[in-house]
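Participant: Sharing my_file.txt below, compact mmCIF, C-alpha atoms:
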```txt
# COMPACT_ATOMS: atom_id res chain seq x y z
CA MET A 1 90.68 94.59 102.36
CA SER A 2 92.89 92.08 100.65
CA ASP A 3 94.65 94.58 98.42
CA ILE A 4 95.51 97.64 100.46
CA GLU A 5 97.83 99.38 98.00
CA THR A 6 95.81 99.42 94.79
CA ILE A 7 92.13 99.19 94.01
CA GLY A 8 91.69 96.70 91.20
CA ASP A 9 91.05 97.29 87.53
CA ILE A 10 88.21 99.79 87.76
CA PRO A 11 86.68 101.81 84.91
CA VAL A 12 87.48 105.48 85.36
CA ASP A 13 84.49 107.07 83.64
CA GLN A 14 82.29 107.44 86.75
CA PRO A 15 81.20 110.87 88.07
CA LYS A 16 82.91 112.15 91.18
CA SER A 17 81.22 111.46 94.53
CA ALA A 18 81.79 114.16 97.15
CA PRO A 19 79.83 116.58 99.36
CA GLU A 20 78.85 119.77 97.53
CA ASP A 21 80.76 121.80 100.14
CA ARG A 22 83.90 119.67 100.04
CA GLY A 23 86.11 122.56 98.88
CA GLU A 24 84.99 124.72 101.82
CA ASN A 25 84.57 122.11 104.57
CA GLY A 26 86.75 119.15 103.51
CA PRO A 27 88.24 116.72 103.07
CA PHE A 28 90.64 119.21 101.55
CA ASP A 29 93.08 119.26 98.70
CA GLU A 30 96.49 120.65 99.64
CA ALA A 31 95.72 123.78 97.61
CA GLU A 32 92.59 124.40 99.73
CA ALA A 33 94.09 123.88 103.19
CA SER A 34 94.99 126.68 105.57
CA PRO A 35 98.77 127.23 105.46
CA VAL A 36 98.91 128.29 109.13
CA ARG A 37 97.21 125.29 110.76
CA PRO A 38 99.54 122.90 112.68
CA TYR A 39 99.10 119.78 110.58
CA VAL A 40 100.99 116.52 111.15
CA ASP A 41 102.58 115.79 107.78
CA LEU A 42 102.30 112.11 106.82
CA GLY A 43 103.12 112.48 103.15
CA GLY A 44 99.92 111.72 101.24
CA VAL A 45 97.74 113.14 104.02
CA LYS A 46 98.00 115.80 106.68
CA ILE A 47 96.17 115.38 109.98
CA LEU A 48 95.07 118.23 112.23
CA PRO A 49 95.89 117.36 115.88
CA ARG A 50 93.10 117.63 118.43
CA GLU A 51 92.65 116.62 122.04
CA GLY A 52 91.96 112.92 122.46
CA LEU A 53 93.22 111.96 119.01
CA HIS A 54 95.76 109.14 118.72
CA LEU A 55 97.43 108.34 115.43
CA ARG A 56 98.72 104.95 114.30
CA LEU A 57 100.73 104.10 111.21
CA GLU A 58 99.72 100.81 109.61
CA ILE A 59 102.81 99.14 108.17
CA GLU A 60 102.91 96.46 105.48
CA GLU A 61 105.06 93.73 107.01
CA GLU A 62 106.87 92.63 103.85
CA SER A 63 107.74 96.04 102.41
CA LYS A 64 107.84 97.98 105.72
CA ARG A 65 105.92 100.77 104.00
CA VAL A 66 103.15 102.82 105.60
CA VAL A 67 99.97 101.70 103.83
CA ALA A 68 97.24 103.33 105.94
CA ILE A 69 96.71 105.83 108.73
CA GLY A 70 94.71 104.73 111.78
CA LEU A 71 93.06 107.41 113.91
CA ASP A 72 91.59 106.58 117.33
CA TYR A 73 89.08 109.23 118.38
CA ALA A 74 85.71 109.48 120.17
CA ASN A 75 85.74 105.77 121.13
CA SER A 76 86.04 105.00 117.43
CA THR A 77 88.65 104.09 114.87
CA LEU A 78 89.02 105.75 111.48
CA GLN A 79 91.33 104.17 108.92
CA VAL A 80 92.18 106.41 105.96
CA GLN A 81 93.98 105.82 102.68
CA PRO A 82 94.57 108.34 99.84
CA PHE A 83 94.67 107.09 96.25
CA ALA A 84 95.58 108.73 92.95
CA ALA A 85 92.55 109.35 90.72
CA PRO A 86 91.72 110.80 87.31
CA ARG A 87 91.25 114.54 87.05
CA SER A 88 87.66 114.50 85.74
CA SER A 89 86.11 111.22 86.92
CA GLY A 90 85.61 109.44 90.23
CA LEU A 91 86.41 106.06 91.76
CA TRP A 92 83.99 105.68 94.67
CA HIS A 93 81.00 104.31 92.74
CA GLU A 94 82.93 101.29 91.47
CA ILE A 95 85.00 100.81 94.62
CA ARG A 96 81.80 100.41 96.68
CA ASP A 97 80.81 97.44 94.55
CA GLN A 98 84.25 95.90 94.99
CA ILE A 99 84.10 96.32 98.79
CA SER A 100 80.63 94.73 98.87
CA ASP A 101 81.87 91.74 96.88
CA GLN A 102 84.89 91.27 99.14
CA ILE A 103 82.80 91.39 102.32
CA ALA A 104 80.24 88.99 100.85
CA LYS A 105 83.05 86.51 100.16
CA GLN A 106 83.98 86.74 103.85
CA GLY A 107 80.39 85.86 104.77
CA GLY A 108 79.38 89.42 105.67
CA THR A 109 76.71 91.79 104.41
CA THR A 110 76.65 95.44 103.28
CA THR A 111 73.88 98.00 103.05
CA LEU A 112 74.14 101.03 100.76
CA ARG A 113 72.83 104.21 102.36
CA GLU A 114 73.17 107.97 102.07
CA GLY A 115 75.59 109.52 104.53
CA PRO A 116 77.10 112.96 105.17
CA PHE A 117 79.70 112.44 102.41
CA GLY A 118 77.28 110.87 99.93
CA PRO A 119 76.71 107.14 99.42
CA GLU A 120 78.35 104.93 102.04
CA LEU A 121 78.34 101.24 102.95
CA LEU A 122 77.29 99.95 106.36
CA ALA A 123 78.94 96.55 106.69
CA GLN A 124 78.46 93.59 109.02
CA ILE A 125 81.83 91.84 108.92
CA PRO A 126 82.44 88.40 110.47
CA VAL A 127 84.98 88.45 113.31
CA ALA A 128 87.81 86.03 112.52
CA SER A 129 89.21 85.15 115.94
CA ALA A 130 89.83 81.97 117.85
CA THR A 131 88.11 83.51 120.89
CA ALA A 132 85.10 84.95 119.05
CA THR A 133 81.73 83.21 119.21
CA PRO A 134 80.83 81.72 115.81
CA GLY A 135 78.59 84.12 113.92
CA THR A 136 79.97 87.20 115.70
CA THR A 137 80.15 90.27 113.47
CA ARG A 138 81.43 93.82 113.79
CA LEU A 139 79.92 96.93 112.25
CA ALA A 140 81.94 99.24 110.01
CA ARG A 141 81.11 102.21 107.79
CA PHE A 142 82.96 102.55 104.49
CA ILE A 143 83.04 106.16 103.28
CA GLY A 144 84.72 107.74 100.27
CA VAL A 145 85.28 111.15 98.73
CA ASP A 146 86.51 111.92 95.22
CA GLY A 147 88.70 115.02 95.14
CA PRO A 148 90.82 116.70 92.45
CA ARG A 149 93.14 113.92 91.18
CA TRP A 150 92.71 111.92 94.40
CA PHE A 151 90.29 109.64 96.21
CA LEU A 152 90.14 109.37 100.01
CA ARG A 153 88.72 106.20 101.55
CA GLY A 154 87.73 105.91 105.19
CA VAL A 155 86.60 103.00 107.37
CA ILE A 156 84.83 103.89 110.63
CA ALA A 157 84.42 101.31 113.41
CA GLY A 158 83.55 101.42 117.09
CA GLU A 159 81.11 103.99 118.46
CA GLY A 160 81.32 106.04 115.26
CA ALA A 161 79.49 103.24 113.44
CA VAL A 162 76.54 103.09 115.85
CA ASN A 163 76.34 106.27 117.94
CA ALA A 164 75.23 109.58 116.43
CA ASP A 165 77.41 111.82 118.63
CA ALA A 166 80.54 109.74 118.08
CA ALA A 167 79.75 109.53 114.37
CA ALA A 168 79.54 113.33 114.13
CA ALA A 169 82.93 113.70 115.86
CA VAL A 170 84.63 111.17 113.56
CA GLU A 171 82.99 112.70 110.47
CA ASP A 172 84.36 116.10 111.49
CA LEU A 173 87.81 114.50 111.83
CA PHE A 174 87.52 113.00 108.34
CA ARG A 175 86.47 116.41 107.01
CA SER A 176 89.61 118.02 108.44
CA ILE A 177 92.02 115.72 106.56
CA VAL A 178 94.18 117.25 103.82
CA VAL A 179 95.17 115.07 100.86
CA VAL A 180 98.56 115.84 99.27
CA ARG A 181 98.45 114.42 95.75
CA GLY A 182 101.74 115.97 94.63
CA THR A 183 102.84 116.42 91.02
CA THR A 184 104.44 113.00 90.42
CA PRO A 185 102.57 111.07 87.70
CA MET A 186 100.73 108.08 89.20
CA PRO A 187 98.32 105.53 87.74
CA PRO A 188 94.76 105.96 89.03
CA ARG A 189 94.01 103.76 92.07
CA ASP A 190 97.64 103.63 93.26
CA LEU A 191 98.14 104.46 96.93
CA ILE A 192 99.61 107.95 97.38
CA PRO A 193 102.83 107.40 99.39
CA LEU A 194 102.53 107.81 103.15
CA ARG A 195 105.39 108.27 105.62
CA MET A 196 106.34 108.74 109.23
CA PRO A 197 105.98 112.31 110.50
CA ALA A 198 109.19 114.32 110.41
CA ASP A 199 109.08 114.87 114.19
CA PRO A 200 107.23 111.94 115.83
CA ALA A 201 107.82 113.37 119.29
CA GLY A 202 106.58 116.81 118.34
CA ASP A 203 102.95 116.34 119.37
CA THR A 204 101.90 113.82 122.00
CA THR A 205 98.19 114.17 121.16
CA THR A 206 98.78 112.19 117.97
CA GLY A 207 100.02 109.15 119.86
CA VAL A 208 102.82 108.62 117.30
```
Translate this file's structure into structure tokens.

Facilitator:
Amino acid sequence: MSDIETIGDIPVDQPKSAPEDRGENGPFDEAEASPVRPYVDLGGVKILPREGLHLRLEIEEESKRVVAIGLDYANSTLQVQPFAAPRSSGLWHEIRDQISDQIAKQGGTTTLREGPFGPELLAQIPVASATATPGTTRLARFIGVDGPRWFLRGVIAGEGAVNADAAAAVEDLFRSIVVVRGTTPMPPRDLIPLRMPADPAGDTTTGV
């Protein structure tokens, strides 16, 4: 997306969009997470290590800040970003429209469908590469969950966008994420700060 840190000027009176069992099965708020699980602390999110999972930090070149977390798992990629949100209303309904508009401007298409987290977008995105055949597209799933004072956006590509078994594995990974909103006042739609883990060498399964 063209603006990775904030999400436009969006009305904040929409209902929250989240699975009914979010509080029990995730994605979790920090207050809901198990205190004894060995999470990798990345600031705005915590990731639970598992075999075969590799973690990448996506850095904004100009500011050198971490602006997204990339997770490679089950022959798929999952990009996640946590955003500040209002306490009583959600962001996902309006953000879906914005994503659809942005992809349409790139010459792609989106289909709204019901997924395991609620409404999601299945996108056909043109591949912008000098070596790609003209008209080549890639599939991606845009998912989102409104939590208490936060919104978590995910983008699934690779096998998780087309294969049911891989999709289930990546969805379980997304469910296990903990969002750390913190107490610092933040405008809705601002990216919750992310950071390098305190001990990058502490767990090789993360690929950090």

Participant: Which polymer residues have any atom within 8 Å of an atom of range 37-52 of chain A, counting only C-alpha atoms, with same-chain residues fewer than 2 positions away left out, as a list in words?

Facilitator: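 In the requested form, the answer reads Ser34, Pro35, His54, Tyr73, Ala74, Pro82, Ser176, Ile177, Val178, Val179, Val180, Arg181, Ile192, Pro193, Leu194, Arg195, Met196, Pro197, Ala198, Asp203, Thr205 and Thr206 of chain A.
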
Participant: Return the single residue from A:Leu139, A:Leu112, A:Glu62, A:Arg87 that is closest to Met186 in chain A, with distances computed using only C-alpha atoms.

Facilitator: A:Arg87

Participant: With only C-alpha atoms as the basis for distance, which of A:Gly115, A:Lys105, A:Glu20, A:Leu91 is at the shortest distance from Ala168 in chain A?

Facilitator: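 Among the listed residues, the smallest separation from Ala168 in chain A belongs to A:Gly115.
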
Participant: Just how far from CA of Asp172 in chain A is CA of Asp146 in chain A, in Å to one decimal?

Facilitator: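 Atom-to-atom, CA of Asp146 in chain A to CA of Asp172 in chain A, that is 16.9 Å.
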
Participant: Please provide the set of residues having any atom within 12 Å of Ala169 in chain A, restricted to only C-alpha atoms, with same-chain residues fewer than 3 positions apart removed, written as a PyMOL selection string.

Facilitator: chain A and resi 50-53+72-78+156+159-161+163-166+172-176

Participant: For Gly135 in chain A, which of A:Leu71, A:Arg96, A:Pro116, A:Gly108 is the closest residue, counting only C-alpha atoms?

Facilitator: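 Looking only at the distances to Gly135 in chain A, the closest residue turns out to be A:Gly108.
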
Participant: Could you work out how far CA of Pro185 in chain A lies from CA of Pro27 in chain A, giving the answer in Å with one decimal?

Facilitator: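 According to the coordinates, CA of Pro27 in chain A and CA of Pro185 in chain A are separated by 21.8 Å.
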
Participant: Would you work out the distance separating CA of Val145 in chain A from CA of Glu171 in chain A, expressed in Å to one decimal?

Facilitator: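 So the answer is 12.1 Å.
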